[in-house]
>>> print(open('model_0.csv').read())   # CSV, C-alpha atoms
chain,number,residue,atom,x,y,z
A,15,MET,CA,6.0,-9.3,-22.6
A,16,ASN,CA,2.4,-8.7,-21.7
A,17,LYS,CA,2.1,-5.4,-19.7
A,18,SER,CA,-0.4,-6.8,-17.2
A,19,PHE,CA,1.9,-9.7,-16.4
A,20,LEU,CA,4.8,-7.3,-16.1
A,21,LYS,CA,2.8,-5.2,-13.7
A,22,PHE,CA,1.9,-8.3,-11.6
A,23,ILE,CA,5.6,-9.4,-11.5
A,24,THR,CA,6.9,-5.9,-10.6
A,25,ASP,CA,4.1,-5.5,-7.9
A,26,PHE,CA,4.4,-8.8,-6.2
A,27,GLY,CA,7.9,-10.0,-7.2
A,28,PRO,CA,9.7,-8.0,-4.4
A,29,LEU,CA,7.2,-9.3,-1.9
A,30,LEU,CA,7.7,-12.9,-3.0
A,31,ILE,CA,11.4,-12.4,-2.7
A,32,PHE,CA,11.0,-11.0,0.8
A,33,PHE,CA,8.8,-13.9,2.0
A,34,THR,CA,11.1,-16.5,0.5
A,35,ILE,CA,14.2,-15.1,2.1
A,36,TYR,CA,12.4,-14.3,5.4
A,37,TYR,CA,11.2,-17.9,5.8
A,38,LYS,CA,14.4,-19.6,4.6
A,39,ASN,CA,16.4,-17.6,7.1
A,40,ASP,CA,14.5,-18.5,10.3
A,41,ASN,CA,12.1,-15.5,10.1
A,42,ASN,CA,14.9,-13.0,10.0
A,43,LEU,CA,13.7,-9.5,9.0
A,44,ILE,CA,17.3,-8.1,9.0
A,45,VAL,CA,18.3,-10.7,6.3
A,46,ALA,CA,15.1,-10.3,4.3
A,47,ILE,CA,14.9,-6.4,4.1
A,48,PRO,CA,17.9,-5.8,1.8
A,49,PRO,CA,16.7,-8.1,-1.0
A,50,LEU,CA,13.3,-6.5,-0.6
A,51,ILE,CA,14.8,-3.0,-1.1
A,52,ILE,CA,16.9,-4.1,-4.1
A,53,ALA,CA,14.0,-6.0,-5.7
A,54,THR,CA,11.7,-3.0,-5.3
A,55,ILE,CA,14.2,-0.6,-6.9
A,56,VAL,CA,14.8,-3.1,-9.8
A,57,ALA,CA,11.0,-3.4,-10.3
A,58,VAL,CA,10.6,0.4,-10.5
A,59,ALA,CA,13.5,0.6,-13.0
A,60,ILE,CA,11.9,-2.2,-15.1
A,61,VAL,CA,8.6,-0.4,-15.3
A,62,TYR,CA,10.3,2.8,-16.2
A,63,PHE,CA,12.3,1.3,-19.0
A,64,VAL,CA,9.4,-0.7,-20.4
A,65,GLU,CA,6.7,2.1,-20.2
A,66,LYS,CA,9.1,5.0,-20.7
A,67,LYS,CA,7.5,7.0,-17.9
A,68,ILE,CA,8.0,7.3,-14.2
A,69,PRO,CA,5.7,4.9,-12.3
A,70,TYR,CA,4.8,7.3,-9.4
A,71,VAL,CA,2.9,4.9,-7.1
A,72,PRO,CA,5.6,2.1,-7.3
A,73,LEU,CA,8.3,4.8,-7.0
A,74,ILE,CA,6.8,6.3,-3.8
A,75,GLY,CA,6.4,2.7,-2.5
A,76,GLY,CA,10.0,2.0,-3.2
A,77,ILE,CA,11.2,5.2,-1.5
A,78,ILE,CA,9.1,4.3,1.6
A,79,ILE,CA,10.3,0.7,1.7
A,80,THR,CA,13.9,1.9,1.3
A,81,LEU,CA,13.5,4.6,4.0
A,82,PHE,CA,11.8,2.4,6.6
A,83,GLY,CA,13.8,-0.7,5.7
A,84,GLY,CA,17.0,1.3,5.9
A,85,LEU,CA,16.1,2.7,9.3
A,86,THR,CA,15.4,-0.9,10.5
A,87,LEU,CA,18.8,-2.0,9.3
A,88,TYR,CA,20.7,1.0,10.5
A,89,PHE,CA,19.3,1.0,14.0
A,90,ASN,CA,19.0,-2.8,14.0
A,91,ASN,CA,15.4,-2.3,15.2
A,92,PRO,CA,12.4,-3.7,13.5
A,93,ILE,CA,10.0,-1.1,14.9
A,94,PHE,CA,10.5,1.0,11.8
A,95,ILE,CA,9.3,-1.7,9.4
A,96,TYR,CA,6.4,-2.6,11.8
A,97,MET,CA,5.3,1.0,11.8
A,98,LYS,CA,5.7,1.6,8.1
A,99,PRO,CA,2.1,0.5,7.2
A,100,THR,CA,0.7,2.6,10.0
A,101,ILE,CA,2.5,5.7,8.9
A,102,VAL,CA,1.8,5.2,5.2
A,103,ASN,CA,-1.9,4.5,5.7
A,104,ILE,CA,-2.2,7.6,7.9
A,105,ILE,CA,-0.4,9.7,5.2
A,106,PHE,CA,-2.8,8.3,2.5
A,107,ALA,CA,-5.8,9.1,4.6
A,108,GLY,CA,-4.5,12.5,5.5
A,109,VAL,CA,-3.8,13.4,1.9
A,110,LEU,CA,-7.3,12.3,0.8
A,111,ILE,CA,-9.1,14.2,3.6
A,112,ILE,CA,-6.9,17.4,3.6
A,113,SER,CA,-6.8,17.7,-0.1
A,114,LYS,CA,-10.6,17.5,-0.3
A,115,LEU,CA,-11.5,19.6,2.8
A,116,PHE,CA,-8.9,22.4,2.5
A,117,PHE,CA,-7.9,22.5,-1.2
A,118,LYS,CA,-11.2,21.3,-2.7
A,119,LYS,CA,-9.2,18.7,-4.8
A,120,ASN,CA,-10.1,15.0,-4.9
A,121,PHE,CA,-6.8,13.1,-5.1
A,122,LEU,CA,-8.6,9.8,-5.6
A,123,LYS,CA,-10.3,11.2,-8.7
A,124,PHE,CA,-7.0,12.4,-10.0
A,125,PHE,CA,-5.4,8.9,-9.7
A,126,LEU,CA,-8.4,6.9,-10.8
A,127,GLN,CA,-10.3,9.0,-13.3
A,128,THR,CA,-9.0,6.9,-16.2
A,129,ALA,CA,-10.3,3.7,-14.6
A,130,PHE,CA,-13.9,4.9,-14.4
A,131,GLN,CA,-16.0,8.0,-14.5
A,132,LEU,CA,-18.1,9.1,-11.6
A,133,ASN,CA,-20.0,12.3,-10.8
A,134,ASP,CA,-18.6,14.6,-8.1
A,135,ILE,CA,-20.8,13.2,-5.3
A,136,GLY,CA,-19.6,9.7,-6.1
A,137,TRP,CA,-15.9,10.7,-6.2
A,138,ASP,CA,-16.3,12.5,-2.8
A,139,LYS,CA,-18.0,9.5,-1.2
A,140,LEU,CA,-15.4,7.1,-2.6
A,141,ASN,CA,-12.6,9.5,-1.5
A,142,PHE,CA,-13.8,9.6,2.1
A,143,ARG,CA,-14.5,5.8,2.2
A,144,TRP,CA,-10.9,5.1,1.2
A,145,ALA,CA,-9.6,7.7,3.7
A,146,TYR,CA,-11.5,5.9,6.5
A,147,PHE,CA,-10.4,2.5,5.2
A,148,PHE,CA,-6.7,3.7,5.4
A,149,ILE,CA,-7.3,4.8,9.0
A,150,PHE,CA,-8.8,1.4,9.8
A,151,LEU,CA,-5.7,-0.3,8.3
A,152,ALA,CA,-3.4,1.9,10.3
A,153,ILE,CA,-5.2,1.0,13.5
A,154,LEU,CA,-5.3,-2.7,12.7
A,155,ASN,CA,-1.6,-2.7,11.9
A,156,GLU,CA,-0.8,-1.1,15.2
A,157,ILE,CA,-3.0,-3.7,17.1
A,158,VAL,CA,-1.3,-6.6,15.3
A,159,TRP,CA,2.3,-5.6,15.5
A,160,ARG,CA,2.0,-4.4,19.1
A,161,SER,CA,0.2,-7.7,20.1
A,162,PHE,CA,2.7,-10.1,18.4
A,163,ALA,CA,6.0,-8.5,17.5
A,164,PRO,CA,8.8,-9.2,18.1
A,165,GLU,CA,8.2,-12.6,19.9
A,166,LYS,CA,5.7,-13.8,17.2
A,167,GLU,CA,6.8,-11.5,14.4
A,168,TYR,CA,5.9,-14.0,11.8
A,169,ILE,CA,2.2,-13.4,12.7
A,170,TRP,CA,2.6,-9.7,11.8
A,171,VAL,CA,4.5,-10.6,8.6
A,172,ASN,CA,1.7,-13.0,7.5
A,173,PHE,CA,-0.9,-10.4,8.4
A,174,LYS,CA,0.7,-8.0,6.0
A,175,VAL,CA,-0.1,-10.2,3.1
A,176,TRP,CA,-2.8,-12.6,4.2
A,177,GLY,CA,-4.7,-10.0,6.2
A,178,ILE,CA,-4.3,-6.6,4.6
A,179,LEU,CA,-4.4,-7.7,1.0
A,180,PRO,CA,-7.7,-9.7,1.3
A,181,LEU,CA,-9.2,-6.9,3.3
A,182,THR,CA,-8.3,-4.4,0.6
A,183,PHE,CA,-9.8,-6.7,-2.1
A,184,ILE,CA,-13.0,-7.1,-0.1
A,185,PHE,CA,-13.2,-3.4,0.6
A,186,THR,CA,-12.7,-2.6,-3.1
A,187,ALA,CA,-15.4,-5.0,-4.1
A,188,LEU,CA,-17.8,-3.5,-1.6
A,189,GLN,CA,-17.3,-0.1,-3.4
A,190,LEU,CA,-18.8,-1.4,-6.6
A,191,PRO,CA,-22.4,-0.5,-5.7
A,192,LEU,CA,-21.3,3.0,-5.0
A,193,ILE,CA,-19.4,3.2,-8.3
A,194,ASN,CA,-22.3,1.8,-10.2
A,195,LYS,CA,-24.7,4.2,-8.5
A,196,TYR,CA,-22.7,7.4,-9.2
A,197,LYS,CA,-21.3,6.4,-12.6
A,198,LYS,CA,-21.5,9.1,-15.2
A,199,ASN,CA,-23.9,8.5,-18.1
A,200,GLU,CA,-21.9,8.4,-21.2
>>> encode(input="model_0.csv", output="structure tokens")
Amino acid sequence: MNKSFLKFITDFGPLLIFFTIYYKNDNNLIVAIPPLIIATIVAVAIVYFVEKKIPYVPLIGGIIITLFGGLTLYFNNPIFIYMKPTIVNIIFAGVLIISKLFFKKNFLKFFLQTAFQLNDIGWDKLNFRWAYFFIFLAILNEIVWRSFAPEKEYIWVNFKVWGILPLTFIFTALQLPLINKYKKNE
């Protein structure tokens, strides 16, 4: 099986399962969360067995989904799943900012240095742009879920995919001039 196809399936398969079950069960989060958790764990296991290494980003995502989804189910309260994107984005922003300012380490460079080579100024600018973008996403998530959930929860659910995902693609594309400007000469 093609590795890029496998990555696509393991990244988006659990989300597709969640959406399918959510909409087939009258927009019921409580019914849709357990299959999401199981599908996410299976996806991480598949990547591990195929690549013979621990997929850290999907593993962390799986742990977070399991934690917040589990809290939602245990307390029968969707506030935990609503707040998950806010908390995760604040953690990402905090890690990027704190690691750079206090430990002089650029976590973004650590994770993306195999994708492209930038000089230190470029990495620092990209690091802070991503940190600010994560803060923006956290604030946006808070606005959407507090405005629509639980009465119009489906709006928040749709926003998670049809709002955040396109915003992330657009933001990433807008970083290309910075990447090209600070690309290391080989």
>>> residues_around(input="model_0.csv", residues="region 70-84 of chain A", least_positions_apart="5", cutoff="8 Å", atoms="all atoms listed in the file", output="list in words")
Asp25, Ile47, Pro48, Ile51, Thr54, Ile55, Val58, Phe94, Ile95 and Lys98 of chain A
>>> residues_around(input="model_0.csv", residues="region 59-69 of chain A", least_positions_apart="5", cutoff="8 Å", atoms="only C-alpha atoms", output="list in words")
Leu20, Lys21 and Thr24 of chain A
>>> write_last_selection(input="model_0.csv", atoms="C-alpha atoms", output="PDB file, keeping the file's coordinate frame")
ATOM      1  CA  LEU A  20       4.800  -7.300 -16.100  1.00  0.00           C
ATOM      2  CA  LYS A  21       2.800  -5.200 -13.700  1.00  0.00           C
ATOM      3  CA  THR A  24       6.900  -5.900 -10.600  1.00  0.00           C
TER       4      THR A  24
END
>>> closest_residue(input="model_0.csv", among="A:Met97, A:Leu179, A:Leu87, A:Leu126", to="Ile157 (chain A)", atoms="only C-alpha atoms")
A:Met97
>>> residues_around(input="model_0.csv", residues="Tyr36 (chain A)", least_positions_apart="2", cutoff="10 Å", atoms="all atoms listed in the file", output="number ranges by chain")
A: 30-34, 38-47, 49-50, 168, 171
>>> atom_distance(input="model_0.csv", atom1="CA of Tyr96 (chain A)", atom2="CA of Leu140 (chain A)")
27.9 Å
>>> residues_around(input="model_0.csv", residues="Phe125 (chain A)", least_positions_apart="6", cutoff="12 Å", atoms="only C-alpha atoms", output="PyMOL selection string")
chain A and resi 70-71+110+119+131+137+141
>>> residues_around(input="model_0.csv", residues="Lys139 (chain A)", least_positions_apart="5", cutoff="12 Å", atoms="all atoms listed in the file", output="JSON list (two decimals) with C-alpha atoms, keeping the file's coordinate frame")
[["chain", "number", "residue", "atom", "x", "y", "z"],
["A", 110, "LEU", "CA", -7.30, 12.30, 0.80],
["A", 111, "ILE", "CA", -9.10, 14.20, 3.60],
["A", 114, "LYS", "CA", -10.60, 17.50, -0.30],
["A", 120, "ASN", "CA", -10.10, 15.00, -4.90],
["A", 122, "LEU", "CA", -8.60, 9.80, -5.60],
["A", 123, "LYS", "CA", -10.30, 11.20, -8.70],
["A", 132, "LEU", "CA", -18.10, 9.10, -11.60],
["A", 133, "ASN", "CA", -20.00, 12.30, -10.80],
["A", 134, "ASP", "CA", -18.60, 14.60, -8.10],
["A", 144, "TRP", "CA", -10.90, 5.10, 1.20],
["A", 145, "ALA", "CA", -9.60, 7.70, 3.70],
["A", 146, "TYR", "CA", -11.50, 5.90, 6.50],
["A", 189, "GLN", "CA", -17.30, -0.10, -3.40],
["A", 191, "PRO", "CA", -22.40, -0.50, -5.70],
["A", 192, "LEU", "CA", -21.30, 3.00, -5.00],
["A", 193, "ILE", "CA", -19.40, 3.20, -8.30],
["A", 195, "LYS", "CA", -24.70, 4.20, -8.50],
["A", 196, "TYR", "CA", -22.70, 7.40, -9.20]]
>>> atom_distance(input="model_0.csv", atom1="CA of Ile104 (chain A)", atom2="CA of Ile153 (chain A)")
9.2 Å
>>> atom_distance(input="model_0.csv", atom1="CA of Ile184 (chain A)", atom2="CA of Phe19 (chain A)")
22.2 Å
>>> axis_aligned_box(input="model_0.csv", around="region 53-60 of chain A", padding_each_side="6 Å", output="AutoDock Vina command-line options")
--center_x 12.7 --center_y -2.7 --center_z -10.2 --size_x 16.2 --size_y 18.6 --size_z 21.8
>>> residues_near_point(input="model_0.csv", point="(17.2, -6.5, 17.6)", cutoff="9 Å", atoms="all atoms listed in the file", output="PyMOL selection string")
chain A and resi 44+89-92+164
>>> closest_residue(input="model_0.csv", among="A:Trp170, A:Phe130, A:Tyr37, A:Phe117", to="Leu190 (chain A)", atoms="all atoms listed in the file")
A:Phe130
>>> build_atoms(input="model_0.csv", residues="region 146-166 of chain A", atoms="N, CA, C and O atoms", output="JSON list (two decimals), in the coordinates of the input")
[["chain", "number", "residue", "atom", "x", "y", "z"],
["A", 146, "TYR", "N", -11.15, 6.62, 5.27],
["A", 146, "TYR", "CA", -11.50, 5.90, 6.50],
["A", 146, "TYR", "C", -10.96, 4.49, 6.50],
["A", 146, "TYR", "O", -10.56, 3.97, 7.55],
["A", 147, "PHE", "N", -10.92, 3.86, 5.34],
["A", 147, "PHE", "CA", -10.40, 2.50, 5.20],
["A", 147, "PHE", "C", -8.85, 2.54, 5.57],
["A", 147, "PHE", "O", -8.35, 1.66, 6.28],
["A", 148, "PHE", "N", -8.15, 3.56, 5.07],
["A", 148, "PHE", "CA", -6.70, 3.70, 5.40],
["A", 148, "PHE", "C", -6.51, 3.87, 6.89],
["A", 148, "PHE", "O", -5.57, 3.31, 7.47],
["A", 149, "ILE", "N", -7.37, 4.65, 7.53],
["A", 149, "ILE", "CA", -7.30, 4.80, 9.00],
["A", 149, "ILE", "C", -7.52, 3.50, 9.69],
["A", 149, "ILE", "O", -6.80, 3.14, 10.62],
["A", 150, "PHE", "N", -8.52, 2.75, 9.24],
["A", 150, "PHE", "CA", -8.80, 1.40, 9.80],
["A", 150, "PHE", "C", -7.57, 0.51, 9.66],
["A", 150, "PHE", "O", -7.19, -0.17, 10.62],
["A", 151, "LEU", "N", -6.93, 0.50, 8.48],
["A", 151, "LEU", "CA", -5.70, -0.30, 8.30],
["A", 151, "LEU", "C", -4.60, 0.09, 9.20],
["A", 151, "LEU", "O", -3.87, -0.77, 9.71],
["A", 152, "ALA", "N", -4.45, 1.39, 9.41],
["A", 152, "ALA", "CA", -3.40, 1.90, 10.30],
["A", 152, "ALA", "C", -3.62, 1.38, 11.73],
["A", 152, "ALA", "O", -2.70, 0.89, 12.39],
["A", 153, "ILE", "N", -4.86, 1.50, 12.19],
["A", 153, "ILE", "CA", -5.20, 1.00, 13.50],
["A", 153, "ILE", "C", -5.00, -0.48, 13.66],
["A", 153, "ILE", "O", -4.42, -0.98, 14.63],
["A", 154, "LEU", "N", -5.45, -1.22, 12.65],
["A", 154, "LEU", "CA", -5.30, -2.70, 12.70],
["A", 154, "LEU", "C", -3.84, -3.08, 12.68],
["A", 154, "LEU", "O", -3.45, -3.99, 13.41],
["A", 155, "ASN", "N", -3.01, -2.41, 11.89],
["A", 155, "ASN", "CA", -1.60, -2.70, 11.90],
["A", 155, "ASN", "C", -0.98, -2.49, 13.27],
["A", 155, "ASN", "O", -0.20, -3.31, 13.75],
["A", 156, "GLU", "N", -1.36, -1.39, 13.90],
["A", 156, "GLU", "CA", -0.80, -1.10, 15.20],
["A", 156, "GLU", "C", -1.24, -2.21, 16.23],
["A", 156, "GLU", "O", -0.43, -2.66, 17.03],
["A", 157, "ILE", "N", -2.48, -2.63, 16.16],
["A", 157, "ILE", "CA", -3.00, -3.70, 17.10],
["A", 157, "ILE", "C", -2.17, -4.98, 16.83],
["A", 157, "ILE", "O", -1.70, -5.62, 17.79],
["A", 158, "VAL", "N", -1.99, -5.37, 15.57],
["A", 158, "VAL", "CA", -1.30, -6.60, 15.30],
["A", 158, "VAL", "C", 0.15, -6.59, 15.65],
["A", 158, "VAL", "O", 0.64, -7.49, 16.35],
["A", 159, "TRP", "N", 0.89, -5.57, 15.23],
["A", 159, "TRP", "CA", 2.30, -5.60, 15.50],
["A", 159, "TRP", "C", 2.58, -5.42, 17.03],
["A", 159, "TRP", "O", 3.48, -6.03, 17.58],
["A", 160, "ARG", "N", 1.77, -4.62, 17.70],
["A", 160, "ARG", "CA", 2.00, -4.40, 19.10],
["A", 160, "ARG", "C", 1.56, -5.65, 19.95],
["A", 160, "ARG", "O", 2.05, -5.87, 21.06],
["A", 161, "SER", "N", 0.68, -6.48, 19.38],
["A", 161, "SER", "CA", 0.20, -7.70, 20.10],
["A", 161, "SER", "C", 1.20, -8.87, 19.85],
["A", 161, "SER", "O", 1.30, -9.74, 20.72],
["A", 162, "PHE", "N", 1.89, -8.91, 18.72],
["A", 162, "PHE", "CA", 2.70, -10.10, 18.40],
["A", 162, "PHE", "C", 4.16, -9.89, 18.19],
["A", 162, "PHE", "O", 4.93, -10.83, 18.38],
["A", 163, "ALA", "N", 4.58, -8.73, 17.77],
["A", 163, "ALA", "CA", 6.00, -8.50, 17.50],
["A", 163, "ALA", "C", 6.71, -8.10, 18.79],
["A", 163, "ALA", "O", 6.10, -7.45, 19.62],
["A", 164, "PRO", "N", 7.95, -8.43, 18.97],
["A", 164, "PRO", "CA", 8.80, -9.20, 18.10],
["A", 164, "PRO", "C", 8.75, -10.74, 18.39],
["A", 164, "PRO", "O", 9.25, -11.52, 17.59],
["A", 165, "GLU", "N", 8.14, -11.15, 19.52],
["A", 165, "GLU", "CA", 8.20, -12.60, 19.90],
["A", 165, "GLU", "C", 7.53, -13.45, 18.80],
["A", 165, "GLU", "O", 8.04, -14.52, 18.48],
["A", 166, "LYS", "N", 6.42, -13.02, 18.26],
["A", 166, "LYS", "CA", 5.70, -13.80, 17.20],
["A", 166, "LYS", "C", 5.61, -12.90, 15.96],
["A", 166, "LYS", "O", 4.54, -12.73, 15.39]]
